[in-house]
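Visitor: Got a structure for you, data34.txt, holding compact mmCIF, C-alpha atoms.
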```
# COMPACT_ATOMS: atom_id res chain seq x y z
CA MET E 1 63.67 27.35 -9.57
CA VAL E 2 60.70 29.69 -9.42
CA THR E 3 60.50 31.44 -6.06
CA GLY E 4 58.80 34.82 -6.21
CA GLY E 5 57.75 35.34 -9.82
CA ARG E 6 54.77 33.85 -11.51
CA GLY E 7 56.68 32.42 -14.45
CA VAL E 8 54.76 31.67 -17.62
CA THR E 9 51.05 31.95 -16.90
CA ILE E 10 48.10 30.29 -18.57
CA ARG E 11 46.97 33.74 -19.66
CA VAL E 12 50.22 34.31 -21.57
CA VAL E 13 50.04 30.86 -23.16
CA LEU E 14 46.44 31.42 -24.26
CA LEU E 15 47.24 34.88 -25.60
CA ILE E 16 50.16 33.58 -27.66
CA GLY E 17 48.03 30.72 -28.96
CA LEU E 18 45.14 33.00 -29.92
CA VAL E 19 47.33 35.64 -31.58
CA THR E 20 49.20 32.95 -33.52
CA THR E 21 45.93 31.32 -34.57
CA GLY E 22 44.45 34.61 -35.75
CA PHE E 23 47.50 35.81 -37.65
CA SER E 24 48.20 32.39 -39.19
CA TYR E 25 44.57 31.93 -40.21
CA PHE E 26 44.63 35.29 -41.97
CA VAL E 27 47.82 34.39 -43.86
CA PHE E 28 46.73 30.82 -44.69
CA ARG E 29 43.33 32.00 -45.87
CA ILE E 30 44.84 34.52 -48.28
CA TRP E 31 47.44 32.00 -49.42
CA THR E 32 44.95 29.21 -50.12
CA THR E 33 42.41 31.46 -51.87
CA GLN E 34 45.16 32.43 -54.30
CA GLY E 35 45.81 28.76 -55.08
CA GLY E 36 48.58 28.02 -52.59
CA ALA E 37 48.73 24.83 -50.59
CA LEU E 38 48.97 24.58 -46.83
CA PRO E 39 52.42 23.67 -45.45
CA PRO E 40 53.09 19.95 -45.14
CA SER E 41 51.93 18.37 -41.88
CA PRO E 42 53.64 14.98 -41.59
CA TRP E 43 52.86 12.41 -38.92
CA GLY E 44 56.54 12.51 -37.97
CA ALA E 45 55.98 15.99 -36.51
CA LEU E 46 53.60 14.43 -33.98
CA ILE E 47 56.33 12.04 -32.87
CA VAL E 48 58.70 14.99 -32.39
CA LEU E 49 56.12 16.96 -30.38
CA VAL E 50 55.34 14.02 -28.09
CA PHE E 51 59.04 13.20 -27.70
CA MET E 52 59.79 16.80 -26.73
CA ALA E 53 56.92 16.90 -24.23
CA CYS E 54 58.12 13.67 -22.63
CA GLY E 55 61.70 14.95 -22.54
CA VAL E 56 60.65 18.12 -20.73
CA PHE E 57 58.56 16.14 -18.25
CA PHE E 58 61.32 13.66 -17.46
CA ALA E 59 63.85 16.50 -17.14
CA GLY E 60 61.66 17.98 -14.41
CA LEU E 61 61.40 14.84 -12.30
CA PRO E 62 64.84 15.17 -10.61
CA VAL E 63 63.99 18.75 -9.59
CA ARG E 64 60.69 17.59 -8.15
CA ARG E 65 62.36 14.73 -6.27
CA PHE E 66 64.95 17.12 -4.84
CA LEU E 67 62.38 19.67 -3.69
CA HIS E 68 60.28 16.97 -2.02
CA GLY E 69 63.31 15.50 -0.24
CA GLN E 70 63.23 12.27 -2.23
CA ALA E 71 66.51 12.77 -4.13
CA LYS E 72 69.45 10.48 -3.41
CA LYS E 73 71.97 13.12 -4.48
CA THR E 74 72.10 16.88 -4.54
CA LEU E 75 70.82 18.87 -7.46
CA ASN E 76 73.02 21.31 -9.30
CA PRO E 77 71.26 24.71 -9.19
CA MET E 78 72.24 25.39 -12.81
CA ARG E 79 70.51 22.18 -13.87
CA ALA E 80 67.39 23.22 -12.00
CA MET E 81 67.47 26.64 -13.67
CA ARG E 82 67.96 25.10 -17.11
CA THR E 83 65.07 22.74 -16.46
CA LEU E 84 62.84 25.68 -15.58
CA VAL E 85 63.87 27.59 -18.71
CA LEU E 86 63.28 24.46 -20.82
CA ALA E 87 59.83 24.06 -19.29
CA GLN E 88 58.91 27.67 -19.99
CA ALA E 89 60.24 27.44 -23.54
CA SER E 90 58.19 24.27 -24.04
CA ALA E 91 55.00 25.98 -22.87
CA LEU E 92 55.55 29.01 -25.11
CA THR E 93 56.63 26.99 -28.13
CA GLY E 94 53.71 24.63 -27.64
CA ALA E 95 51.36 27.63 -27.65
CA LEU E 96 52.84 28.89 -30.92
CA VAL E 97 52.67 25.49 -32.58
CA THR E 98 49.12 24.92 -31.33
CA GLY E 99 48.05 28.23 -32.88
CA TRP E 100 49.82 27.31 -36.14
CA TYR E 101 47.93 24.02 -36.44
CA LEU E 102 44.61 25.43 -35.21
CA ALA E 103 44.75 28.05 -37.98
CA GLN E 104 45.24 25.29 -40.55
CA ILE E 105 42.34 23.36 -39.02
CA LEU E 106 40.12 26.43 -39.42
CA VAL E 107 41.15 26.74 -43.09
CA VAL E 108 40.50 23.05 -43.83
CA LEU E 109 37.29 22.73 -41.76
CA PRO E 110 34.87 24.14 -44.40
CA ASN E 111 35.93 21.30 -46.76
CA PHE E 112 35.39 18.53 -44.19
CA ASP E 113 33.14 16.61 -46.61
CA ILE E 114 36.06 15.93 -49.01
CA ALA E 115 37.88 12.71 -48.03
CA SER E 116 41.40 14.04 -48.58
CA ARG E 117 40.63 17.16 -46.56
CA ARG E 118 39.07 15.06 -43.80
CA SER E 119 42.27 13.00 -43.61
CA LEU E 120 44.36 16.19 -43.41
CA LEU E 121 42.04 17.60 -40.77
CA TRP E 122 42.50 14.58 -38.48
CA ARG E 123 46.27 14.80 -38.90
CA LEU E 124 46.16 18.51 -38.02
CA VAL E 125 44.01 17.78 -34.97
CA ALA E 126 46.54 15.18 -33.80
CA LEU E 127 49.40 17.64 -34.34
CA ALA E 128 47.55 20.35 -32.42
CA ALA E 129 47.00 17.87 -29.59
CA GLY E 130 50.73 17.08 -29.58
CA ALA E 131 51.48 20.80 -29.31
CA VAL E 132 49.01 21.11 -26.42
CA LEU E 133 50.90 18.24 -24.77
CA MET E 134 54.05 20.38 -25.00
CA VAL E 135 52.22 23.24 -23.28
CA VAL E 136 50.97 20.95 -20.53
CA ALA E 137 54.41 19.40 -19.99
CA GLY E 138 55.99 22.83 -19.79
CA MET E 139 53.44 24.18 -17.33
CA VAL E 140 53.61 21.05 -15.15
CA VAL E 141 57.41 21.10 -15.01
CA GLN E 142 57.39 24.83 -14.26
CA LYS E 143 55.14 24.00 -11.30
CA MET E 144 57.52 21.20 -10.30
CA CYS E 145 60.33 23.78 -10.16
CA ARG E 146 58.41 26.11 -7.83
CA VAL E 147 59.92 26.51 -4.38
CA ASP E 148 57.27 26.93 -1.68
CA LYS E 149 57.52 29.77 0.83
CA ASP E 150 58.23 27.34 3.65
CA HIS E 151 60.88 25.32 1.76
CA PRO E 152 64.28 25.36 3.57
CA ASP E 153 66.25 25.93 0.35
CA ARG E 154 64.29 29.09 -0.34
CA ASP E 155 65.27 30.57 3.02
CA ALA E 156 68.88 29.61 2.47
CA GLY E 157 68.80 31.26 -0.96
CA HIS E 158 67.45 34.49 0.54
CA ASP E 159 70.19 34.48 3.19
CA VAL E 160 72.84 34.15 0.50
CA ASP E 161 71.23 36.98 -1.48
CA ALA E 162 71.09 39.18 1.61
CA GLN E 163 74.74 38.48 2.41
CA THR E 164 75.74 39.26 -1.16
CA ASN E 165 73.81 42.55 -1.07
CA ASP E 166 75.40 43.49 2.27
CA ARG E 167 78.88 42.92 0.83
CA HIS E 168 78.14 45.06 -2.24
CA GLU E 169 76.69 47.92 -0.18
CA HIS E 170 79.76 48.28 2.05
```
What does the file become when written as structure tokens?
Guide:
Amino acid sequence: MVTGGRGVTIRVVLLIGLVTTGFSYFVFRIWTTQGGALPPSPWGALIVLVFMACGVFFAGLPVRRFLHGQAKKTLNPMRAMRTLVLAQASALTGALVTGWYLAQILVVLPNFDIASRRSLLWRLVALAAGAVLMVVAGMVVQKMCRVDKDHPDRDAGHDVDAQTNDRHEH
């Protein structure tokens, strides 16, 4: 659970998305001007992105319930930590994938008047939206894993850390 650190910030997510978009656009533009085709963008990828975003969100609910005192059983700290890492990975991966699809959108956009390109553009927009959903799920679950300053488990965790440090110093 996040206690003191900031975790993955919106600034980092935006930076990763923008850098990925810029670099990918540059590569795709060179590739397509030399006669290459854009990578395939199947509708099935959207299903995977949405499924992953939902999975991350539903993995975070038990942590949220536990931290709000609504859980019926205790929460394994390792599970909470893995949920946090999964959420952060989802946010970062979603930023990368969003940049990947946005770059393809920028390459296809000048040919919007061609029906086949218009169809591809809408598919890419849907895929980019699915990737943004992954970012949102990751950021929301990361927030769910945050332990407030006044939360009793946070104080208990600090006591354990202090006791461990005292033992190692002596």
Visitor: What separation in Å, quoted to one decimal, exists between atom CA of Arg123 of chain E and atom CA of Ile10 of chain E?
Guide: 25.6 Å
Visitor: Find, counting only C-alpha atoms, the residue in E:Leu75, E:Ala137, E:Val107, E:Val97 that gets nearest to Leu46 of chain E.
Guide: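 Selected residue with least distance to Leu46 of chain E: E:Val97.
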Visitor: So, with all atoms listed in the file as the atoms that count, which of E:Met52, E:Leu15, E:Val8, E:Leu124 lies closest to Val85 of chain E?
Guide: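 Of E:Met52, E:Leu15, E:Val8, E:Leu124, the one nearest Val85 of chain E, counting all atoms listed in the file, is E:Val8.
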Visitor: At a cut-off of 8 Å from (50.4, 28.7, -26.8) in the coordinates of the file, what residues are picked up using only C-alpha atoms, written as a list in words?
Guide: Val12, Val13, Leu14, Leu15, Ile16, Gly17, Leu18, Ala91, Leu92, Thr93, Gly94, Ala95, Leu96, Val97, Thr98, Gly99, Val132 and Val135 of chain E
Visitor: Quick one: distance from atom CA of Leu133 of chain E to atom CA of Leu67 of chain E in Å, one decimal?
Guide: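 Interatomic distance here is 24.0 Å.
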Visitor: Which one is closest to Leu49 of chain E: E:Pro110, E:Gly5, E:Gly130, E:Gly138? Count all atoms listed in the file.
Guide: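 Of all the options, E:Gly130 lies closest to Leu49 of chain E.
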Visitor: Which residue, E:Arg11, E:Ser119, E:Val125, E:Cys145, has the smallest gap to Arg79 of chain E when you use all atoms listed in the file?
Guide: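 Nearest candidate to Arg79 of chain E out of E:Arg11, E:Ser119, E:Val125, E:Cys145: E:Cys145.
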Visitor: To one decimal in Å, tell me the separation between atom CA of Thr33 of chain E and atom CA of Phe112 of chain E.
Guide: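 If I compute the distance from atom CA of Thr33 of chain E to atom CA of Phe112 of chain E, I get 16.6 Å.
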Visitor: Taking only C-alpha atoms into account, name the residue in E:Thr9, E:Met134, E:Ala53, E:Ala80 that is nearest to Phe66 of chain E.
Guide: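 Nearest candidate to Phe66 of chain E out of E:Thr9, E:Met134, E:Ala53, E:Ala80: E:Ala80.
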